[in-house]
Structure formats: structure tokens, C-alpha cells
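See below for the structure under consideration.
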Amino acid sequence: MEKTFWGGVCEVKVCSEGKELNHCGECPDFPCTMLAEMGKDQGYDPEPRLTQCRKWAEEGHV
């Protein structure tokens, strides 16, 4: 993905691309604090995102 849908910088995206990963579920540090805490301060529940990354990792999605 070249840029986020909102046009801003996503540190999670920067991190995974910097490690040459397709998604966070491939990372040996998954789930890291950055991913687990992302959006909490705005009232978002991180669990659906973490669950999806786990599914992608288990299914071998790239």
C-alpha cells in the first residue's frame, strides 16, 4: 500500500514495511505494544484488528 486511505502517516504501516512484512501478523514481535495500543486513545477496540492479523498469519496470506 503506497499511502493510507486518509493520507496521513501510519507508524504501524511504516514499521511493517520497514521489516519487509506484508502485515503485522508475520512479525515475530506480534502483537507489539504499538499495534495493540493503536486507536485505544480514540476509543477503538484493537481486538478485531489483532484477530484479523492472526487469521492472515495462520492462513499464510500475503
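Within each chain, counting starts at residue 1; across the C-alpha cells, chains are named A, B, ... in the order shown, with ligands numbered 1 upward in that order.
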For this session: Find the spatial neighbours of Glu47 of chain A, counting only C-alpha atoms, within a cut-off of 12 Å - ignore same-chain residues fewer than 4 positions away - and output them as a ChimeraX atom specification.
Result: /A:31,35-40,51-54
Per residue of segment 21-47 of chain A within 10 Å of segment 2-13 of chain A, record the nearest atom pair and its distance in Å to one decimal, counting only C-alpha atoms, with rows in chain order and ascending residue number, as a Markdown table.
```
| residue | atom | partner | partner_atom | distance |
| --- | --- | --- | --- | --- |
| A:Leu21 | CA | A:Lys13 | CA | 9.5 |
| A:Asn22 | CA | A:Lys13 | CA | 9.5 |
| A:His23 | CA | A:Lys13 | CA | 8.2 |
| A:Cys24 | CA | A:Val12 | CA | 8.0 |
| A:Cys32 | CA | A:Val12 | CA | 9.7 |
| A:Met34 | CA | A:Val12 | CA | 7.0 |
| A:Leu35 | CA | A:Val12 | CA | 6.4 |
| A:Met38 | CA | A:Val12 | CA | 8.3 |
```
Could you dump the residues just selected with C-alpha atoms as a PDB file, in the first residue's frame?
```pdb
ATOM      1  CA  LEU A  21       6.453  -7.738   6.089  1.00  0.00           C
ATOM      2  CA  ASN A  22       3.114  -7.987   4.305  1.00  0.00           C
ATOM      3  CA  HIS A  23       1.225  -7.423   7.556  1.00  0.00           C
ATOM      4  CA  CYS A  24       1.825  -7.353  11.301  1.00  0.00           C
ATOM      5  CA  CYS A  32       3.681  -5.382  19.712  1.00  0.00           C
ATOM      6  CA  MET A  34       2.284  -0.130  19.122  1.00  0.00           C
ATOM      7  CA  LEU A  35      -0.233  -2.356  17.320  1.00  0.00           C
ATOM      8  CA  MET A  38      -3.267   1.755  18.265  1.00  0.00           C
TER       9      MET A  38
END
```
Exercise. Counting only C-alpha atoms, what is within 12 Å of Glu26 of chain A, bar same-chain residues fewer than 6 positions away, as a PyMOL selection string?
Worked result: chain A and resi 15-17+19-20+32+50+52-62
Problem set entry | Residues flagged alpha helix (DSSP H) by DSSP in chain A, as a PyMOL selection string | chain A and resi 11-18+33-37+47-59
